[in-house]
Structures are given as C-alpha cells and as structure tokens.
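Asks: File name target17.pdb; file contents PDB, C-alpha atoms and all ligand atoms; full text below.
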ATOM      1  CA  MET A   1      44.914 -22.625 -22.723  1.00  0.00           C
ATOM      2  CA  SER A   2      45.706 -26.189 -23.604  1.00  0.00           C
ATOM      3  CA  GLU A   3      48.466 -27.249 -25.894  1.00  0.00           C
ATOM      4  CA  PHE A   4      45.770 -28.910 -27.961  1.00  0.00           C
ATOM      5  CA  ASP A   5      44.469 -25.657 -29.341  1.00  0.00           C
ATOM      6  CA  GLY A   6      44.154 -25.958 -33.045  1.00  0.00           C
ATOM      7  CA  VAL A   7      43.751 -29.720 -32.959  1.00  0.00           C
ATOM      8  CA  PHE A   8      40.201 -30.932 -32.956  1.00  0.00           C
ATOM      9  CA  ILE A   9      39.408 -34.436 -33.998  1.00  0.00           C
ATOM     10  CA  HIS A  10      36.121 -36.058 -33.151  1.00  0.00           C
ATOM     11  CA  SER A  11      35.170 -39.664 -33.354  1.00  0.00           C
ATOM     12  CA  THR A  12      32.097 -39.770 -35.531  1.00  0.00           C
ATOM     13  CA  LEU A  13      31.570 -43.437 -34.816  1.00  0.00           C
ATOM     14  CA  PRO A  14      28.106 -43.863 -33.346  1.00  0.00           C
ATOM     15  CA  GLY A  15      27.432 -46.166 -30.425  1.00  0.00           C
ATOM     16  CA  LEU A  16      26.239 -49.603 -31.452  1.00  0.00           C
ATOM     17  CA  SER A  17      23.660 -51.673 -29.626  1.00  0.00           C
ATOM     18  CA  ARG A  18      22.356 -55.196 -29.870  1.00  0.00           C
ATOM     19  CA  ARG A  19      20.597 -57.722 -27.704  1.00  0.00           C
ATOM     20  CA  LYS A  20      22.825 -60.254 -26.029  1.00  0.00           C
ATOM     21  CA  GLY A  21      21.750 -63.867 -25.573  1.00  0.00           C
ATOM     22  CA  ASP A  22      20.297 -63.023 -22.181  1.00  0.00           C
ATOM     23  CA  GLY A  23      18.107 -60.337 -23.740  1.00  0.00           C
ATOM     24  CA  ASN A  24      20.042 -57.462 -22.172  1.00  0.00           C
ATOM     25  CA  LEU A  25      20.933 -54.609 -24.425  1.00  0.00           C
ATOM     26  CA  MET A  26      24.674 -54.369 -24.957  1.00  0.00           C
ATOM     27  CA  THR A  27      26.175 -51.144 -26.150  1.00  0.00           C
ATOM     28  CA  VAL A  28      29.614 -50.319 -27.444  1.00  0.00           C
ATOM     29  CA  LEU A  29      30.152 -46.612 -26.962  1.00  0.00           C
ATOM     30  CA  SER A  30      32.086 -44.338 -29.273  1.00  0.00           C
ATOM     31  CA  ILE A  31      35.411 -43.152 -27.882  1.00  0.00           C
ATOM     32  CA  ARG A  32      36.268 -39.467 -27.800  1.00  0.00           C
ATOM     33  CA  ILE A  33      39.527 -38.505 -29.448  1.00  0.00           C
ATOM     34  CA  VAL A  34      42.118 -35.950 -28.359  1.00  0.00           C
ATOM     35  CA  GLY A  35      40.959 -32.437 -29.175  1.00  0.00           C
ATOM     36  CA  ASP A  36      37.551 -33.082 -27.667  1.00  0.00           C
ATOM     37  CA  PRO A  37      37.146 -30.611 -24.764  1.00  0.00           C
ATOM     38  CA  ILE A  38      35.584 -33.258 -22.501  1.00  0.00           C
ATOM     39  CA  LEU A  39      39.013 -34.941 -22.308  1.00  0.00           C
ATOM     40  CA  ARG A  40      40.363 -31.673 -20.867  1.00  0.00           C
ATOM     41  CA  THR A  41      37.611 -31.158 -18.305  1.00  0.00           C
ATOM     42  CA  ARG A  42      37.698 -32.238 -14.670  1.00  0.00           C
ATOM     43  CA  ALA A  43      34.907 -34.806 -14.340  1.00  0.00           C
ATOM     44  CA  ASP A  44      32.207 -34.430 -11.676  1.00  0.00           C
ATOM     45  CA  GLU A  45      31.813 -36.603  -8.591  1.00  0.00           C
ATOM     46  CA  VAL A  46      29.095 -39.213  -8.988  1.00  0.00           C
ATOM     47  CA  THR A  47      26.185 -38.482  -6.661  1.00  0.00           C
ATOM     48  CA  ASP A  48      23.332 -40.356  -8.391  1.00  0.00           C
ATOM     49  CA  PHE A  49      23.485 -44.092  -7.865  1.00  0.00           C
ATOM     50  CA  GLY A  50      20.772 -45.577 -10.022  1.00  0.00           C
ATOM     51  CA  PRO A  51      19.987 -47.395 -13.267  1.00  0.00           C
ATOM     52  CA  VAL A  52      21.603 -44.737 -15.474  1.00  0.00           C
ATOM     53  CA  LEU A  53      24.937 -45.163 -13.697  1.00  0.00           C
ATOM     54  CA  ARG A  54      24.603 -48.950 -13.787  1.00  0.00           C
ATOM     55  CA  LYS A  55      23.999 -48.855 -17.553  1.00  0.00           C
ATOM     56  CA  LEU A  56      26.950 -46.503 -18.068  1.00  0.00           C
ATOM     57  CA  VAL A  57      29.342 -48.821 -16.205  1.00  0.00           C
ATOM     58  CA  ALA A  58      28.033 -51.910 -18.045  1.00  0.00           C
ATOM     59  CA  ASP A  59      28.428 -50.173 -21.409  1.00  0.00           C
ATOM     60  CA  MET A  60      31.917 -48.922 -20.522  1.00  0.00           C
ATOM     61  CA  ASP A  61      32.926 -52.456 -19.536  1.00  0.00           C
ATOM     62  CA  GLU A  62      31.536 -53.791 -22.831  1.00  0.00           C
ATOM     63  CA  THR A  63      33.297 -51.053 -24.788  1.00  0.00           C
ATOM     64  CA  MET A  64      36.623 -51.635 -23.022  1.00  0.00           C
ATOM     65  CA  GLU A  65      36.437 -55.315 -23.892  1.00  0.00           C
ATOM     66  CA  ASN A  66      35.492 -54.605 -27.498  1.00  0.00           C
ATOM     67  CA  VAL A  67      38.492 -52.358 -28.104  1.00  0.00           C
ATOM     68  CA  GLU A  68      40.745 -54.509 -25.891  1.00  0.00           C
ATOM     69  CA  GLY A  69      41.614 -51.582 -23.671  1.00  0.00           C
ATOM     70  CA  ALA A  70      43.263 -51.977 -20.272  1.00  0.00           C
ATOM     71  CA  GLY A  71      41.058 -49.252 -18.894  1.00  0.00           C
ATOM     72  CA  LEU A  72      38.412 -46.761 -19.889  1.00  0.00           C
ATOM     73  CA  ALA A  73      37.378 -43.544 -18.159  1.00  0.00           C
ATOM     74  CA  ALA A  74      33.880 -42.071 -18.503  1.00  0.00           C
ATOM     75  CA  PRO A  75      35.062 -38.815 -20.155  1.00  0.00           C
ATOM     76  CA  GLN A  76      36.474 -40.986 -22.959  1.00  0.00           C
ATOM     77  CA  VAL A  77      32.911 -41.991 -23.824  1.00  0.00           C
ATOM     78  CA  GLY A  78      31.605 -38.457 -23.477  1.00  0.00           C
ATOM     79  CA  VAL A  79      30.377 -38.604 -19.871  1.00  0.00           C
ATOM     80  CA  SER A  80      32.009 -36.169 -17.457  1.00  0.00           C
ATOM     81  CA  LEU A  81      31.737 -38.316 -14.339  1.00  0.00           C
ATOM     82  CA  ARG A  82      34.416 -39.773 -12.048  1.00  0.00           C
ATOM     83  CA  VAL A  83      34.176 -43.412 -13.112  1.00  0.00           C
ATOM     84  CA  PHE A  84      36.613 -45.789 -14.755  1.00  0.00           C
ATOM     85  CA  THR A  85      36.664 -49.466 -15.701  1.00  0.00           C
ATOM     86  CA  TYR A  86      39.785 -51.614 -15.916  1.00  0.00           C
ATOM     87  CA  GLN A  87      40.861 -55.094 -16.947  1.00  0.00           C
ATOM     88  CA  ILE A  88      44.508 -55.679 -16.252  1.00  0.00           C
ATOM     89  CA  ALA A  89      46.800 -58.105 -14.457  1.00  0.00           C
ATOM     90  CA  GLY A  90      43.959 -60.588 -14.021  1.00  0.00           C
ATOM     91  CA  GLN A  91      41.758 -58.014 -12.328  1.00  0.00           C
ATOM     92  CA  ARG A  92      38.634 -56.501 -13.800  1.00  0.00           C
ATOM     93  CA  GLY A  93      36.166 -54.049 -12.399  1.00  0.00           C
ATOM     94  CA  HIS A  94      35.166 -50.445 -12.017  1.00  0.00           C
ATOM     95  CA  ILE A  95      35.569 -47.713  -9.463  1.00  0.00           C
ATOM     96  CA  ILE A  96      33.607 -44.532  -8.854  1.00  0.00           C
ATOM     97  CA  ASN A  97      34.942 -41.337  -7.240  1.00  0.00           C
ATOM     98  CA  PRO A  98      38.426 -42.838  -6.789  1.00  0.00           C
ATOM     99  CA  VAL A  99      40.872 -41.218  -4.396  1.00  0.00           C
ATOM    100  CA  LEU A 100      44.501 -42.263  -4.897  1.00  0.00           C
ATOM    101  CA  GLU A 101      47.372 -43.014  -2.572  1.00  0.00           C
ATOM    102  CA  MET A 102      50.720 -43.623  -4.243  1.00  0.00           C
ATOM    103  CA  SER A 103      54.188 -44.789  -3.308  1.00  0.00           C
ATOM    104  CA  GLU A 104      56.974 -42.211  -3.295  1.00  0.00           C
ATOM    105  CA  ASP A 105      59.064 -44.294  -5.685  1.00  0.00           C
ATOM    106  CA  ASP A 106      58.564 -44.711  -9.407  1.00  0.00           C
ATOM    107  CA  GLN A 107      58.315 -47.878 -11.451  1.00  0.00           C
ATOM    108  CA  GLU A 108      60.369 -48.569 -14.524  1.00  0.00           C
ATOM    109  CA  ASP A 109      59.193 -46.380 -17.431  1.00  0.00           C
ATOM    110  CA  VAL A 110      56.909 -48.373 -19.723  1.00  0.00           C
ATOM    111  CA  SER A 111      55.325 -47.288 -22.982  1.00  0.00           C
ATOM    112  CA  GLU A 112      51.738 -46.187 -22.605  1.00  0.00           C
ATOM    113  CA  GLY A 113      49.086 -45.597 -25.180  1.00  0.00           C
ATOM    114  CA  CYS A 114      45.582 -44.236 -24.928  1.00  0.00           C
ATOM    115  CA  LEU A 115      42.370 -45.120 -26.759  1.00  0.00           C
ATOM    116  CA  SER A 116      41.777 -41.376 -27.099  1.00  0.00           C
ATOM    117  CA  ILE A 117      45.185 -40.726 -28.690  1.00  0.00           C
ATOM    118  CA  PRO A 118      45.368 -43.318 -31.482  1.00  0.00           C
ATOM    119  CA  GLY A 119      48.736 -44.212 -32.932  1.00  0.00           C
ATOM    120  CA  MET A 120      50.886 -42.799 -30.118  1.00  0.00           C
ATOM    121  CA  ALA A 121      52.884 -44.613 -27.454  1.00  0.00           C
ATOM    122  CA  TYR A 122      55.574 -43.207 -25.187  1.00  0.00           C
ATOM    123  CA  PRO A 123      57.322 -44.348 -22.028  1.00  0.00           C
ATOM    124  CA  VAL A 124      55.701 -42.551 -19.086  1.00  0.00           C
ATOM    125  CA  LYS A 125      56.980 -42.140 -15.540  1.00  0.00           C
ATOM    126  CA  ARG A 126      54.506 -43.536 -13.011  1.00  0.00           C
ATOM    127  CA  ARG A 127      54.560 -44.348  -9.309  1.00  0.00           C
ATOM    128  CA  ARG A 128      55.350 -47.974  -8.469  1.00  0.00           C
ATOM    129  CA  TRP A 129      52.305 -48.622  -6.247  1.00  0.00           C
ATOM    130  CA  THR A 130      48.819 -47.173  -6.100  1.00  0.00           C
ATOM    131  CA  ARG A 131      45.706 -47.672  -3.991  1.00  0.00           C
ATOM    132  CA  ALA A 132      42.417 -46.299  -5.279  1.00  0.00           C
ATOM    133  CA  THR A 133      39.626 -45.983  -2.740  1.00  0.00           C
ATOM    134  CA  GLY A 134      36.108 -45.341  -3.970  1.00  0.00           C
ATOM    135  CA  VAL A 135      32.730 -46.987  -4.386  1.00  0.00           C
ATOM    136  CA  ASP A 136      30.960 -49.287  -6.852  1.00  0.00           C
ATOM    137  CA  VAL A 137      27.642 -48.787  -8.684  1.00  0.00           C
ATOM    138  CA  ASP A 138      25.787 -49.731  -5.498  1.00  0.00           C
ATOM    139  CA  ASN A 139      27.716 -47.095  -3.527  1.00  0.00           C
ATOM    140  CA  ASN A 140      29.548 -49.824  -1.598  1.00  0.00           C
ATOM    141  CA  PRO A 141      33.213 -49.237  -0.729  1.00  0.00           C
ATOM    142  CA  VAL A 142      35.798 -50.490  -3.248  1.00  0.00           C
ATOM    143  CA  VAL A 143      39.569 -50.608  -3.007  1.00  0.00           C
ATOM    144  CA  VAL A 144      41.753 -51.304  -6.049  1.00  0.00           C
ATOM    145  CA  GLU A 145      45.405 -51.691  -5.150  1.00  0.00           C
ATOM    146  CA  GLY A 146      48.427 -52.826  -7.072  1.00  0.00           C
ATOM    147  CA  GLU A 147      51.891 -52.293  -8.466  1.00  0.00           C
ATOM    148  CA  ASP A 148      53.364 -51.984 -11.932  1.00  0.00           C
ATOM    149  CA  PHE A 149      50.794 -52.311 -14.732  1.00  0.00           C
ATOM    150  CA  LEU A 150      47.759 -52.093 -12.472  1.00  0.00           C
ATOM    151  CA  ALA A 151      49.206 -49.064 -10.673  1.00  0.00           C
ATOM    152  CA  ARG A 152      49.994 -47.521 -14.071  1.00  0.00           C
ATOM    153  CA  CYS A 153      46.457 -48.148 -15.287  1.00  0.00           C
ATOM    154  CA  ILE A 154      44.887 -46.628 -12.134  1.00  0.00           C
ATOM    155  CA  GLN A 155      47.076 -43.525 -12.490  1.00  0.00           C
ATOM    156  CA  HIS A 156      46.345 -43.192 -16.231  1.00  0.00           C
ATOM    157  CA  GLU A 157      42.568 -43.541 -15.788  1.00  0.00           C
ATOM    158  CA  THR A 158      42.384 -41.239 -12.762  1.00  0.00           C
ATOM    159  CA  ASP A 159      44.315 -38.655 -14.765  1.00  0.00           C
ATOM    160  CA  HIS A 160      41.501 -38.816 -17.359  1.00  0.00           C
ATOM    161  CA  LEU A 161      39.057 -37.840 -14.606  1.00  0.00           C
ATOM    162  CA  ASP A 162      41.173 -34.737 -13.991  1.00  0.00           C
ATOM    163  CA  GLY A 163      41.440 -33.818 -17.668  1.00  0.00           C
ATOM    164  CA  ILE A 164      45.064 -35.015 -17.877  1.00  0.00           C
ATOM    165  CA  LEU A 165      46.390 -37.109 -20.774  1.00  0.00           C
ATOM    166  CA  PHE A 166      49.465 -39.346 -20.654  1.00  0.00           C
ATOM    167  CA  ILE A 167      51.368 -37.135 -23.059  1.00  0.00           C
ATOM    168  CA  ASP A 168      51.161 -34.347 -20.453  1.00  0.00           C
ATOM    169  CA  ARG A 169      53.302 -36.560 -18.184  1.00  0.00           C
ATOM    170  CA  LEU A 170      56.149 -36.736 -20.711  1.00  0.00           C
ATOM    171  CA  THR A 171      59.161 -34.512 -20.330  1.00  0.00           C
ATOM    172  CA  GLY A 172      61.849 -33.004 -22.517  1.00  0.00           C
ATOM    173  CA  GLU A 173      62.246 -34.088 -26.117  1.00  0.00           C
ATOM    174  CA  LEU A 174      59.624 -36.838 -25.916  1.00  0.00           C
ATOM    175  CA  LYS A 175      56.975 -34.356 -24.841  1.00  0.00           C
ATOM    176  CA  LYS A 176      57.955 -31.980 -27.627  1.00  0.00           C
ATOM    177  CA  GLU A 177      57.807 -34.803 -30.137  1.00  0.00           C
ATOM    178  CA  ALA A 178      54.384 -35.997 -28.949  1.00  0.00           C
ATOM    179  CA  PHE A 179      52.830 -32.543 -29.147  1.00  0.00           C
ATOM    180  CA  ARG A 180      54.525 -31.864 -32.462  1.00  0.00           C
ATOM    181  CA  LYS A 181      52.953 -35.065 -33.805  1.00  0.00           C
ATOM    182  CA  LEU A 182      49.557 -34.014 -32.507  1.00  0.00           C
ATOM    183  CA  ARG A 183      49.784 -30.625 -34.164  1.00  0.00           C
ATOM    184  CA  ASN A 184      50.905 -32.188 -37.413  1.00  0.00           C
ATOM    185  CA  ALA A 185      48.079 -32.181 -39.947  1.00  0.00           C
ATOM    186  CA  ASN A 186      49.018 -35.769 -40.701  1.00  0.00           C
ATOM    187  CA  TYR A 187      47.849 -36.779 -37.210  1.00  0.00           C
ATOM    188  CA  ASN A 188      44.265 -36.213 -38.265  1.00  0.00           C
ATOM    189  CA  SER A 189      44.529 -38.917 -40.888  1.00  0.00           C
ATOM    190  CA  VAL A 190      46.231 -41.325 -38.447  1.00  0.00           C
ATOM    191  CA  ALA A 191      43.428 -40.783 -35.957  1.00  0.00           C
ATOM    192  CA  ALA A 192      40.784 -41.043 -38.662  1.00  0.00           C
ATOM    193  CA  SER A 193      42.120 -44.363 -39.913  1.00  0.00           C
ATOM    194  CA  THR A 194      42.126 -45.776 -36.365  1.00  0.00           C
ATOM    195  CA  ILE A 195      38.547 -44.651 -35.920  1.00  0.00           C
ATOM    196  CA  ASN A 196      37.622 -46.319 -39.207  1.00  0.00           C
ATOM    197  CA  GLU A 197      39.407 -49.520 -38.186  1.00  0.00           C
ATOM    198  CA  ARG A 198      37.471 -49.551 -34.920  1.00  0.00           C
ATOM    199  CA  ALA A 199      34.241 -49.043 -36.836  1.00  0.00           C
ATOM    200  CA  ALA A 200      35.107 -51.905 -39.175  1.00  0.00           C
ATOM    201  CA  ALA A 201      36.033 -54.171 -36.258  1.00  0.00           C
ATOM    202  CA  LEU A 202      32.785 -53.278 -34.533  1.00  0.00           C
ATOM    203  CA  GLY A 203      30.823 -54.034 -37.678  1.00  0.00           C
ATOM    204  CA  SER A 204      32.370 -57.476 -38.051  1.00  0.00           C
ATOM    205  CA  SER A 205      32.071 -58.372 -34.369  1.00  0.00           C
ATOM    206  CA  PHE A 206      28.429 -57.380 -34.345  1.00  0.00           C
ATOM    207  CA  GLY A 207      27.635 -59.254 -37.530  1.00  0.00           C
ATOM    208  CA  ALA A 208      24.204 -59.549 -39.079  1.00  0.00           C
ATOM    209  CA  GLY A 209      21.271 -58.174 -37.206  1.00  0.00           C
ATOM    210  CA  ALA A 210      23.164 -55.457 -35.366  1.00  0.00           C
ATOM    211  CA  SER A 211      21.122 -52.350 -34.843  1.00  0.00           C
ATOM    212  CA  PHE A 212      22.680 -48.929 -34.737  1.00  0.00           C
ATOM    213  CA  GLY A 213      22.047 -46.756 -31.720  1.00  0.00           C
ATOM    214  CA  GLY A 214      22.388 -43.003 -31.797  1.00  0.00           C
ATOM    215  CA  GLN A 215      25.471 -40.972 -30.976  1.00  0.00           C
ATOM    216  CA  ARG A 216      26.213 -41.307 -27.262  1.00  0.00           C
TER     217      ARG A 216
HETATM  218 ZN    ZN A 301      43.715 -43.019 -21.864  1.00  0.00          ZN
END
Translate this file's structure into structure tokens.
Ligand code: ZN
Replies:
Amino acid sequence: MSEFDGVFIHSTLPGLSRRKGDGNLMTVLSIRIVGDPILRTRADEVTDFGPVLRKLVADMDETMENVEGAGLAAPQVGVSLRVFTYQIAGQRGHIINPVLEMSEDDQEDVSEGCLSIPGMAYPVKRRRWTRATGVDVDNNPVVVEGEDFLARCIQHETDHLDGILFIDRLTGELKKEAFRKLRNANYNSVAASTINERAAALGSSFGAGASFGGQR
C-alpha cells in the first residue's frame, strides 16, 4: 500500500497540439499529478523502436521545455515506458531503458521539486556522480554521465521509472511533513491552482489558432 492512499488528484489539462513553422505537429502533453497510480508503477522496458516512440520523445521534449522542467519521465505524461528527457547543465537529450551506476558518496543536499508534485520542494540526498547507460530512439547506445545537478536529475527521473517519487527519499521530520502536506485537503487546491496556471500559460504560449488535441 502506498502512503498516497486517500490522495487522488488528476491533471485534467488536455494535451495541446499545433503545427510548428516546419509543418510538424508539436504537442504539449498533460502532466500526471501525485495520486495517479501510473506514478507508482514500475515502467516497462522499451522494446518497440518506431514512429510512436519517436513521437513520444519529441512530445516529451516539447512538454519539458514548455513547463521549464529539468527533466521529464514518460510515466509523468501517462506512458508507462522507461524513457526520460532532460535539459540541465547545458546538456539536453533523452535516454531509453537507462541503467545507472552511481558513486558511493553523496552530494550536498539540494532542494528538489517535481512537476508531478506541484508546490513542494525539499532537500533530497543524492549520490554525487551518476552514469546512465541506455539507448536513444534509434536504439543506438547512449551514455549520460555527470555530477551534481545532472546526477541529481538522472537519479530523480530514473526513480520515476521505478515508481519512486522524491518525497520517498526524504527522512525523518521532513518526510513526515511532506506526506502530511500531501494528505492535507488543502493540497488539492494547491495542485489544482498549479494545473490551472499551467493551462493558462499553455493557452498564452499557443496563442491564436491553437487546436486542442484529446487527453493523452
Ligand atoms: Zn519528478
């Protein structure tokens, strides 16, 4: 049983699509919010490398940029596959089926947030260095390696693929406080207002002529 029982908040924001200048369809996906079971499910290995996967990665990249996230994992957009995108420390890309190696030592605790847990930020203990080995959309080998923020991002996003959220990594009073906040009825309104703000931001960034896609 998860500690999230009793909390169930869904983003009702639909995905939005429009044509970019080059004629390609660009889609900003809706982001699943804590309480959604997909965020607590271990995602499946990617085995199908084709146009559907390519579109998913392109849309995740677009979505990450739109919400100014440092990273985005597929379960956060409702797809239970082992894929994440990242844009941090001057590096940007994606990795599929990542396998992590980590240093024994930790980095300095830094506050983390999560697009799926609006309005919360807590210092989280993370390993100093991480190397993720996986593949790209063409099933070619990819290695993403770094320290500090990049290492933190890789660990945070890979956790999403295992159904783990950053608040699970907290300890002691901070963990109690985070879960207390989540259980608080007031958290629903905090999350709802963030979702509405994202919707408003999307609306303005898309401007006139935007067409609304279905729920993704
Ligand atoms: Zn997250």
Asks: Compile the contact shell of A:Leu56 as an NGL selection string: residues with an atom at most 10 Å away, counting only C-alpha atoms, same-chain residues fewer than 2 positions apart removed.
Replies: :A and (27 or 29 or 51-54 or 58-62 or 74 or 77 or 79 or 83 or 137)
Asks: What's the separation between atom CA of A:Ala89 and atom CA of A:Pro123, in Å to one decimal place?
Replies: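 Distance between the two atoms: 18.9 Å.
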Asks: Could you list the residues chosen by the PyMOL selection byres (((not hetatm)) within 12 of (chain A and resi 301)) in this structure as a PyMOL selection string?
Replies: chain A and resi 31-34+39-40+64+69-77+84-86+112-118+120-121+152-168
Asks: Any chance you could export the current selection's C-alpha atoms as a PDB file, keeping the file's coordinate frame?
Replies:
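Saved result, result06.pdb, follows:
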ATOM      1  CA  ILE A  31      35.411 -43.152 -27.882  1.00  0.00           C
ATOM      2  CA  ARG A  32      36.268 -39.467 -27.800  1.00  0.00           C
ATOM      3  CA  ILE A  33      39.527 -38.505 -29.448  1.00  0.00           C
ATOM      4  CA  VAL A  34      42.118 -35.950 -28.359  1.00  0.00           C
ATOM      5  CA  LEU A  39      39.013 -34.941 -22.308  1.00  0.00           C
ATOM      6  CA  ARG A  40      40.363 -31.673 -20.867  1.00  0.00           C
ATOM      7  CA  MET A  64      36.623 -51.635 -23.022  1.00  0.00           C
ATOM      8  CA  GLY A  69      41.614 -51.582 -23.671  1.00  0.00           C
ATOM      9  CA  ALA A  70      43.263 -51.977 -20.272  1.00  0.00           C
ATOM     10  CA  GLY A  71      41.058 -49.252 -18.894  1.00  0.00           C
ATOM     11  CA  LEU A  72      38.412 -46.761 -19.889  1.00  0.00           C
ATOM     12  CA  ALA A  73      37.378 -43.544 -18.159  1.00  0.00           C
ATOM     13  CA  ALA A  74      33.880 -42.071 -18.503  1.00  0.00           C
ATOM     14  CA  PRO A  75      35.062 -38.815 -20.155  1.00  0.00           C
ATOM     15  CA  GLN A  76      36.474 -40.986 -22.959  1.00  0.00           C
ATOM     16  CA  VAL A  77      32.911 -41.991 -23.824  1.00  0.00           C
ATOM     17  CA  PHE A  84      36.613 -45.789 -14.755  1.00  0.00           C
ATOM     18  CA  THR A  85      36.664 -49.466 -15.701  1.00  0.00           C
ATOM     19  CA  TYR A  86      39.785 -51.614 -15.916  1.00  0.00           C
ATOM     20  CA  GLU A 112      51.738 -46.187 -22.605  1.00  0.00           C
ATOM     21  CA  GLY A 113      49.086 -45.597 -25.180  1.00  0.00           C
ATOM     22  CA  CYS A 114      45.582 -44.236 -24.928  1.00  0.00           C
ATOM     23  CA  LEU A 115      42.370 -45.120 -26.759  1.00  0.00           C
ATOM     24  CA  SER A 116      41.777 -41.376 -27.099  1.00  0.00           C
ATOM     25  CA  ILE A 117      45.185 -40.726 -28.690  1.00  0.00           C
ATOM     26  CA  PRO A 118      45.368 -43.318 -31.482  1.00  0.00           C
ATOM     27  CA  MET A 120      50.886 -42.799 -30.118  1.00  0.00           C
ATOM     28  CA  ALA A 121      52.884 -44.613 -27.454  1.00  0.00           C
ATOM     29  CA  ARG A 152      49.994 -47.521 -14.071  1.00  0.00           C
ATOM     30  CA  CYS A 153      46.457 -48.148 -15.287  1.00  0.00           C
ATOM     31  CA  ILE A 154      44.887 -46.628 -12.134  1.00  0.00           C
ATOM     32  CA  GLN A 155      47.076 -43.525 -12.490  1.00  0.00           C
ATOM     33  CA  HIS A 156      46.345 -43.192 -16.231  1.00  0.00           C
ATOM     34  CA  GLU A 157      42.568 -43.541 -15.788  1.00  0.00           C
ATOM     35  CA  THR A 158      42.384 -41.239 -12.762  1.00  0.00           C
ATOM     36  CA  ASP A 159      44.315 -38.655 -14.765  1.00  0.00           C
ATOM     37  CA  HIS A 160      41.501 -38.816 -17.359  1.00  0.00           C
ATOM     38  CA  LEU A 161      39.057 -37.840 -14.606  1.00  0.00           C
ATOM     39  CA  ASP A 162      41.173 -34.737 -13.991  1.00  0.00           C
ATOM     40  CA  GLY A 163      41.440 -33.818 -17.668  1.00  0.00           C
ATOM     41  CA  ILE A 164      45.064 -35.015 -17.877  1.00  0.00           C
ATOM     42  CA  LEU A 165      46.390 -37.109 -20.774  1.00  0.00           C
ATOM     43  CA  PHE A 166      49.465 -39.346 -20.654  1.00  0.00           C
ATOM     44  CA  ILE A 167      51.368 -37.135 -23.059  1.00  0.00           C
ATOM     45  CA  ASP A 168      51.161 -34.347 -20.453  1.00  0.00           C
TER      46      ASP A 168
END
Asks: What does the distance between atom CA of A:Thr171 and atom CA of A:Asp106 come to in Å, to one decimal place?
Replies: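 Distance between the two atoms: 15.0 Å.
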Asks: Any idea what's packed within 7 Å of A:Ile88, counting only C-alpha atoms, ignoring anything in its chain fewer than 3 positions away? Could you give it as a list in words?
Replies: Ala70, Gln91, Arg92 and Leu150 of chain A
